[in-house]
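What follows is one structure encoded as structure tokens, with my remarks underneath.
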Amino acid sequence: MSELESLIEASAAGNRAAFSALYDAAAPQLFGLALRILKRRDWAEDVLQEALISAWRNAGEYRRELGSGKAWLTVILRNRALDRLRRESTARLEPSGDALPEVEDPSPSALDLTISGEAGRRLTACLEQLEEVQKRAILLAYFDGLTHEELAARIASPLGTVKSWIRRGLQRLKGCLES
């Protein structure tokens, strides 16, 4: 069992020291992912805080047989970040002065961080077995944080088609990773 998984399980039991250690271990990578998705430091900080509070409150729901602790935390953060983008898009707010300029980020991408280690090598091998459109759609959605609508616009394909590619691709990935 990985350190993150142990810390999540200890947090589920109400161990505040374990949650503090979990925060210290996971926050830097999660913040980097939030920043990549949201492109604004203030939003990324808020979403990171929301995601980790959610992880604390829902730690008892984590099941290591369903995935790694890192993946569980990443999904929580990604969902919070996409919710934030939807809220801001709906509200039609203008970016404030603290919007980040478009600069190439030298830090490892979410994909690079995810594919380190044995589990990452398995994921990479399984991704290579997917059709190219499925692979690209999954990578853009899960590692670049694009919503289905943004993804459909970017690759100029119908929304339903994009959703089908992702769904079928994730089913194939699951099957491959479980074998």
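Please note that chains go A, B, ... in the order of the structure tokens, that every chain numbers its residues from 1, and that ligands are numbered from 1 in the order shown.
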
Review point. Within 9 Å of Tyr62 (chain A), counting only C-alpha atoms, which residues qualify if same-chain residues fewer than 4 places away don't, as a list in words?
Key: Glu5, Ile8, Glu9, Ala12, Ala55, Asn58, Leu66, Gly67, Gly69 and Trp72 of chain A

**Study point:** Computed interatomic separation between CA of Leu177 (chain A) and CA of Leu151 (chain A) (Å)
**Key:**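 According to the coordinates, CA of Leu177 (chain A) and CA of Leu151 (chain A) are separated by 24.7 Å.
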
Check your understanding: If you run DSSP on the backbone, which residues of chain A are helix (DSSP H, G or I), as an MDAnalysis selection string?
Key -> chainID A and resid 3:12 16:38 41:61 64:66 69:91 110:114 117:128 132:142 148:154 159:178

Exercise for review: Find the residues near Ile138 (chain A): any atom within 12 Å, counting only C-alpha atoms, skip ones fewer than 6 places away on the same chain, and give them as a list in words.
Suggested key: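 Listed by chain and then number, they are Leu111, Leu127, Glu128, Leu130, Glu131, Glu132, Asp144, Gly145, Leu146, Thr147, His148, Leu151, Ala152, Val162, Lys163, Ser164, Trp165, Ile166, Arg167, Arg168, Gly169, Leu170, Gln171, Arg172 and Leu173 of chain A.
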
Revision key, fill the gap. Taken to one decimal, the CA of Ser54 (chain A)-CA of Asp24 (chain A) distance is 15.8 Å

Point to revise | Two-atom distance - CA of Asp42 (chain A), CA of Ala71 (chain A) (Å) | key: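 Here the two named atoms are 23.6 Å from each other.
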
Can you pull out the residues contacting Leu4 (chain A)? Cut-off 12 Å, using only C-alpha atoms, and skip same-chain residues under 6 positions away; I want them as a PDB file with all heavy atoms, in the first residue's frame.
ATOM      1  N   ALA A  10      -5.960   6.607   7.233  1.00  0.00           N
ATOM      2  CA  ALA A  10      -5.810   7.155   8.583  1.00  0.00           C
ATOM      3  C   ALA A  10      -6.653   8.420   8.741  1.00  0.00           C
ATOM      4  O   ALA A  10      -7.239   8.656   9.810  1.00  0.00           O
ATOM      5  CB  ALA A  10      -4.339   7.439   8.874  1.00  0.00           C
ATOM      6  N   SER A  11      -6.746   9.224   7.698  1.00  0.00           N
ATOM      7  CA  SER A  11      -7.585  10.425   7.733  1.00  0.00           C
ATOM      8  C   SER A  11      -9.051  10.045   7.898  1.00  0.00           C
ATOM      9  O   SER A  11      -9.804  10.738   8.596  1.00  0.00           O
ATOM     10  CB  SER A  11      -7.401  11.249   6.454  1.00  0.00           C
ATOM     11  OG  SER A  11      -6.092  11.739   6.350  1.00  0.00           O
ATOM     12  N   ALA A  18      -2.329  12.606  10.225  1.00  0.00           N
ATOM     13  CA  ALA A  18      -2.239  11.894   8.944  1.00  0.00           C
ATOM     14  C   ALA A  18      -2.757  12.785   7.818  1.00  0.00           C
ATOM     15  O   ALA A  18      -2.171  12.825   6.733  1.00  0.00           O
ATOM     16  CB  ALA A  18      -3.042  10.594   8.993  1.00  0.00           C
ATOM     17  N   PHE A  19      -3.838  13.524   8.080  1.00  0.00           N
ATOM     18  CA  PHE A  19      -4.358  14.411   7.038  1.00  0.00           C
ATOM     19  C   PHE A  19      -3.360  15.525   6.746  1.00  0.00           C
ATOM     20  O   PHE A  19      -3.167  15.902   5.591  1.00  0.00           O
ATOM     21  CB  PHE A  19      -5.719  15.004   7.413  1.00  0.00           C
ATOM     22  CG  PHE A  19      -6.260  15.877   6.323  1.00  0.00           C
ATOM     23  CD1 PHE A  19      -6.744  15.319   5.152  1.00  0.00           C
ATOM     24  CD2 PHE A  19      -6.235  17.253   6.438  1.00  0.00           C
ATOM     25  CE1 PHE A  19      -7.217  16.125   4.120  1.00  0.00           C
ATOM     26  CE2 PHE A  19      -6.707  18.057   5.411  1.00  0.00           C
ATOM     27  CZ  PHE A  19      -7.200  17.489   4.252  1.00  0.00           C
ATOM     28  N   SER A  20      -2.714  16.034   7.776  1.00  0.00           N
ATOM     29  CA  SER A  20      -1.696  17.070   7.566  1.00  0.00           C
ATOM     30  C   SER A  20      -0.565  16.531   6.685  1.00  0.00           C
ATOM     31  O   SER A  20      -0.096  17.209   5.771  1.00  0.00           O
ATOM     32  CB  SER A  20      -1.154  17.540   8.914  1.00  0.00           C
ATOM     33  OG  SER A  20      -0.145  18.506   8.728  1.00  0.00           O
ATOM     34  N   ALA A  21      -0.150  15.306   6.952  1.00  0.00           N
ATOM     35  CA  ALA A  21       0.900  14.681   6.137  1.00  0.00           C
ATOM     36  C   ALA A  21       0.398  14.433   4.708  1.00  0.00           C
ATOM     37  O   ALA A  21       1.146  14.613   3.736  1.00  0.00           O
ATOM     38  CB  ALA A  21       1.361  13.372   6.773  1.00  0.00           C
ATOM     39  N   LEU A  22      -0.864  14.042   4.580  1.00  0.00           N
ATOM     40  CA  LEU A  22      -1.469  13.851   3.262  1.00  0.00           C
ATOM     41  C   LEU A  22      -1.472  15.163   2.491  1.00  0.00           C
ATOM     42  O   LEU A  22      -1.110  15.210   1.318  1.00  0.00           O
ATOM     43  CB  LEU A  22      -2.899  13.316   3.407  1.00  0.00           C
ATOM     44  CG  LEU A  22      -3.712  13.176   2.122  1.00  0.00           C
ATOM     45  CD1 LEU A  22      -3.122  12.106   1.221  1.00  0.00           C
ATOM     46  CD2 LEU A  22      -5.165  12.857   2.445  1.00  0.00           C
ATOM     47  N   TYR A  23      -1.854  16.229   3.153  1.00  0.00           N
ATOM     48  CA  TYR A  23      -1.878  17.553   2.535  1.00  0.00           C
ATOM     49  C   TYR A  23      -0.477  17.913   2.044  1.00  0.00           C
ATOM     50  O   TYR A  23      -0.301  18.316   0.894  1.00  0.00           O
ATOM     51  CB  TYR A  23      -2.376  18.587   3.541  1.00  0.00           C
ATOM     52  CG  TYR A  23      -2.568  19.958   2.948  1.00  0.00           C
ATOM     53  CD1 TYR A  23      -3.835  20.393   2.572  1.00  0.00           C
ATOM     54  CD2 TYR A  23      -1.500  20.824   2.746  1.00  0.00           C
ATOM     55  CE1 TYR A  23      -4.033  21.644   2.016  1.00  0.00           C
ATOM     56  CE2 TYR A  23      -1.681  22.073   2.183  1.00  0.00           C
ATOM     57  CZ  TYR A  23      -2.943  22.477   1.824  1.00  0.00           C
ATOM     58  OH  TYR A  23      -3.116  23.710   1.262  1.00  0.00           O
ATOM     59  N   ASP A  24       0.521  17.751   2.906  1.00  0.00           N
ATOM     60  CA  ASP A  24       1.897  18.094   2.538  1.00  0.00           C
ATOM     61  C   ASP A  24       2.398  17.262   1.360  1.00  0.00           C
ATOM     62  O   ASP A  24       3.121  17.763   0.502  1.00  0.00           O
ATOM     63  CB  ASP A  24       2.831  17.914   3.740  1.00  0.00           C
ATOM     64  CG  ASP A  24       2.577  18.932   4.842  1.00  0.00           C
ATOM     65  OD1 ASP A  24       1.942  19.972   4.580  1.00  0.00           O
ATOM     66  OD2 ASP A  24       3.009  18.666   5.981  1.00  0.00           O
ATOM     67  N   ALA A  25       1.995  15.991   1.317  1.00  0.00           N
ATOM     68  CA  ALA A  25       2.470  15.100   0.260  1.00  0.00           C
ATOM     69  C   ALA A  25       1.769  15.352  -1.072  1.00  0.00           C
ATOM     70  O   ALA A  25       2.396  15.273  -2.132  1.00  0.00           O
ATOM     71  CB  ALA A  25       2.274  13.639   0.685  1.00  0.00           C
ATOM     72  N   ALA A  26       0.482  15.649  -1.033  1.00  0.00           N
ATOM     73  CA  ALA A  26      -0.300  15.719  -2.267  1.00  0.00           C
ATOM     74  C   ALA A  26      -0.499  17.130  -2.808  1.00  0.00           C
ATOM     75  O   ALA A  26      -0.674  17.304  -4.016  1.00  0.00           O
ATOM     76  CB  ALA A  26      -1.664  15.067  -2.041  1.00  0.00           C
ATOM     77  N   ALA A  27      -0.498  18.133  -1.951  1.00  0.00           N
ATOM     78  CA  ALA A  27      -0.862  19.491  -2.375  1.00  0.00           C
ATOM     79  C   ALA A  27      -0.014  20.049  -3.520  1.00  0.00           C
ATOM     80  O   ALA A  27      -0.580  20.652  -4.441  1.00  0.00           O
ATOM     81  CB  ALA A  27      -0.850  20.439  -1.178  1.00  0.00           C
ATOM     82  N   ALA A  55     -11.730  15.720   0.347  1.00  0.00           N
ATOM     83  CA  ALA A  55     -11.005  14.472   0.607  1.00  0.00           C
ATOM     84  C   ALA A  55     -11.049  14.131   2.098  1.00  0.00           C
ATOM     85  O   ALA A  55     -11.234  12.968   2.475  1.00  0.00           O
ATOM     86  CB  ALA A  55      -9.559  14.592   0.127  1.00  0.00           C
ATOM     87  N   ALA A  59     -12.956  10.761   3.080  1.00  0.00           N
ATOM     88  CA  ALA A  59     -11.864   9.781   3.100  1.00  0.00           C
ATOM     89  C   ALA A  59     -12.377   8.368   3.371  1.00  0.00           C
ATOM     90  O   ALA A  59     -11.807   7.393   2.877  1.00  0.00           O
ATOM     91  CB  ALA A  59     -10.809  10.182   4.131  1.00  0.00           C
ATOM     92  N   TYR A  62     -13.021   6.193   0.252  1.00  0.00           N
ATOM     93  CA  TYR A  62     -11.918   5.735  -0.598  1.00  0.00           C
ATOM     94  C   TYR A  62     -11.771   4.215  -0.488  1.00  0.00           C
ATOM     95  O   TYR A  62     -11.801   3.651   0.597  1.00  0.00           O
ATOM     96  CB  TYR A  62     -10.606   6.418  -0.193  1.00  0.00           C
ATOM     97  CG  TYR A  62      -9.413   5.793  -0.877  1.00  0.00           C
ATOM     98  CD1 TYR A  62      -9.219   5.964  -2.238  1.00  0.00           C
ATOM     99  CD2 TYR A  62      -8.515   4.999  -0.182  1.00  0.00           C
ATOM    100  CE1 TYR A  62      -8.161   5.367  -2.888  1.00  0.00           C
ATOM    101  CE2 TYR A  62      -7.447   4.409  -0.813  1.00  0.00           C
ATOM    102  CZ  TYR A  62      -7.275   4.591  -2.170  1.00  0.00           C
ATOM    103  OH  TYR A  62      -6.231   3.996  -2.807  1.00  0.00           O
ATOM    104  N   ARG A  64      -9.110   1.390  -1.912  1.00  0.00           N
ATOM    105  CA  ARG A  64      -7.859   1.217  -2.654  1.00  0.00           C
ATOM    106  C   ARG A  64      -7.962   0.179  -3.755  1.00  0.00           C
ATOM    107  O   ARG A  64      -7.222   0.240  -4.737  1.00  0.00           O
ATOM    108  CB  ARG A  64      -6.708   0.909  -1.703  1.00  0.00           C
ATOM    109  CG  ARG A  64      -6.842  -0.396  -1.022  1.00  0.00           C
ATOM    110  CD  ARG A  64      -5.654  -0.669  -0.159  1.00  0.00           C
ATOM    111  NE  ARG A  64      -5.923  -1.974   0.434  1.00  0.00           N
ATOM    112  CZ  ARG A  64      -5.384  -2.418   1.495  1.00  0.00           C
ATOM    113  NH1 ARG A  64      -4.513  -1.692   2.123  1.00  0.00           N
ATOM    114  NH2 ARG A  64      -5.691  -3.602   1.951  1.00  0.00           N
ATOM    115  N   GLY A  67      -8.589   1.947  -7.077  1.00  0.00           N
ATOM    116  CA  GLY A  67      -7.587   2.832  -7.670  1.00  0.00           C
ATOM    117  C   GLY A  67      -6.644   3.375  -6.612  1.00  0.00           C
ATOM    118  O   GLY A  67      -6.881   3.254  -5.408  1.00  0.00           O
ATOM    119  N   SER A  68      -5.592   3.995  -7.090  1.00  0.00           N
ATOM    120  CA  SER A  68      -4.586   4.540  -6.178  1.00  0.00           C
ATOM    121  C   SER A  68      -5.123   5.772  -5.451  1.00  0.00           C
ATOM    122  O   SER A  68      -6.056   6.436  -5.911  1.00  0.00           O
ATOM    123  CB  SER A  68      -3.324   4.916  -6.950  1.00  0.00           C
ATOM    124  OG  SER A  68      -3.571   6.053  -7.758  1.00  0.00           O
ATOM    125  N   GLY A  69      -4.502   6.083  -4.340  1.00  0.00           N
ATOM    126  CA  GLY A  69      -4.861   7.286  -3.598  1.00  0.00           C
ATOM    127  C   GLY A  69      -4.608   8.532  -4.421  1.00  0.00           C
ATOM    128  O   GLY A  69      -5.384   9.495  -4.384  1.00  0.00           O
ATOM    129  N   LYS A  70      -3.540   8.518  -5.180  1.00  0.00           N
ATOM    130  CA  LYS A  70      -3.206   9.654  -6.035  1.00  0.00           C
ATOM    131  C   LYS A  70      -4.297   9.887  -7.074  1.00  0.00           C
ATOM    132  O   LYS A  70      -4.719  11.020  -7.311  1.00  0.00           O
ATOM    133  CB  LYS A  70      -1.861   9.388  -6.716  1.00  0.00           C
ATOM    134  CG  LYS A  70      -1.350  10.497  -7.572  1.00  0.00           C
ATOM    135  CD  LYS A  70       0.012  10.095  -8.108  1.00  0.00           C
ATOM    136  CE  LYS A  70       0.636  11.163  -8.929  1.00  0.00           C
ATOM    137  NZ  LYS A  70       1.953  10.770  -9.415  1.00  0.00           N
ATOM    138  N   ALA A  71      -4.777   8.807  -7.671  1.00  0.00           N
ATOM    139  CA  ALA A  71      -5.837   8.925  -8.675  1.00  0.00           C
ATOM    140  C   ALA A  71      -7.125   9.440  -8.029  1.00  0.00           C
ATOM    141  O   ALA A  71      -7.818  10.286  -8.611  1.00  0.00           O
ATOM    142  CB  ALA A  71      -6.080   7.574  -9.349  1.00  0.00           C
ATOM    143  N   TRP A  72      -7.453   8.951  -6.852  1.00  0.00           N
ATOM    144  CA  TRP A  72      -8.659   9.379  -6.145  1.00  0.00           C
ATOM    145  C   TRP A  72      -8.607  10.878  -5.867  1.00  0.00           C
ATOM    146  O   TRP A  72      -9.560  11.604  -6.137  1.00  0.00           O
ATOM    147  CB  TRP A  72      -8.803   8.572  -4.853  1.00  0.00           C
ATOM    148  CG  TRP A  72     -10.037   8.840  -4.066  1.00  0.00           C
ATOM    149  CD1 TRP A  72     -11.310   8.448  -4.365  1.00  0.00           C
ATOM    150  CD2 TRP A  72     -10.121   9.542  -2.817  1.00  0.00           C
ATOM    151  NE1 TRP A  72     -12.171   8.872  -3.385  1.00  0.00           N
ATOM    152  CE2 TRP A  72     -11.476   9.540  -2.416  1.00  0.00           C
ATOM    153  CE3 TRP A  72      -9.187  10.167  -2.003  1.00  0.00           C
ATOM    154  CZ2 TRP A  72     -11.918  10.134  -1.246  1.00  0.00           C
ATOM    155  CZ3 TRP A  72      -9.630  10.753  -0.828  1.00  0.00           C
ATOM    156  CH2 TRP A  72     -10.967  10.748  -0.458  1.00  0.00           C
ATOM    157  N   LEU A  73      -7.476  11.351  -5.361  1.00  0.00           N
ATOM    158  CA  LEU A  73      -7.321  12.777  -5.073  1.00  0.00           C
ATOM    159  C   LEU A  73      -7.356  13.604  -6.362  1.00  0.00           C
ATOM    160  O   LEU A  73      -7.942  14.686  -6.401  1.00  0.00           O
ATOM    161  CB  LEU A  73      -6.005  13.024  -4.325  1.00  0.00           C
ATOM    162  CG  LEU A  73      -5.950  12.480  -2.902  1.00  0.00           C
ATOM    163  CD1 LEU A  73      -4.510  12.532  -2.375  1.00  0.00           C
ATOM    164  CD2 LEU A  73      -6.885  13.243  -1.979  1.00  0.00           C
ATOM    165  N   THR A  74      -6.751  13.096  -7.411  1.00  0.00           N
ATOM    166  CA  THR A  74      -6.724  13.802  -8.690  1.00  0.00           C
ATOM    167  C   THR A  74      -8.135  13.958  -9.270  1.00  0.00           C
ATOM    168  O   THR A  74      -8.479  15.019  -9.792  1.00  0.00           O
ATOM    169  CB  THR A  74      -5.805  13.068  -9.693  1.00  0.00           C
ATOM    170  OG1 THR A  74      -4.485  13.016  -9.144  1.00  0.00           O
ATOM    171  CG2 THR A  74      -5.768  13.767 -11.029  1.00  0.00           C
TER     172      THR A  74
END

Practice item. Considering only C-alpha atoms, state which residue in the set A:Glu150, A:Glu178, A:Ala51, A:Leu77 is at the smallest distance from Ala119 (chain A). Key: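 Looking at the shortest contact to Ala119 (chain A), the residue is A:Glu178.
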
Review point. Which residues, written as a PyMOL selection string, have at least one atom at most 10 Å from Val47 (chain A), with only C-alpha atoms counted and residues fewer than 4 positions away on the same chain left out?
Key: chain A and resi 30-31+34-35+38+41-43+51-53+76-84
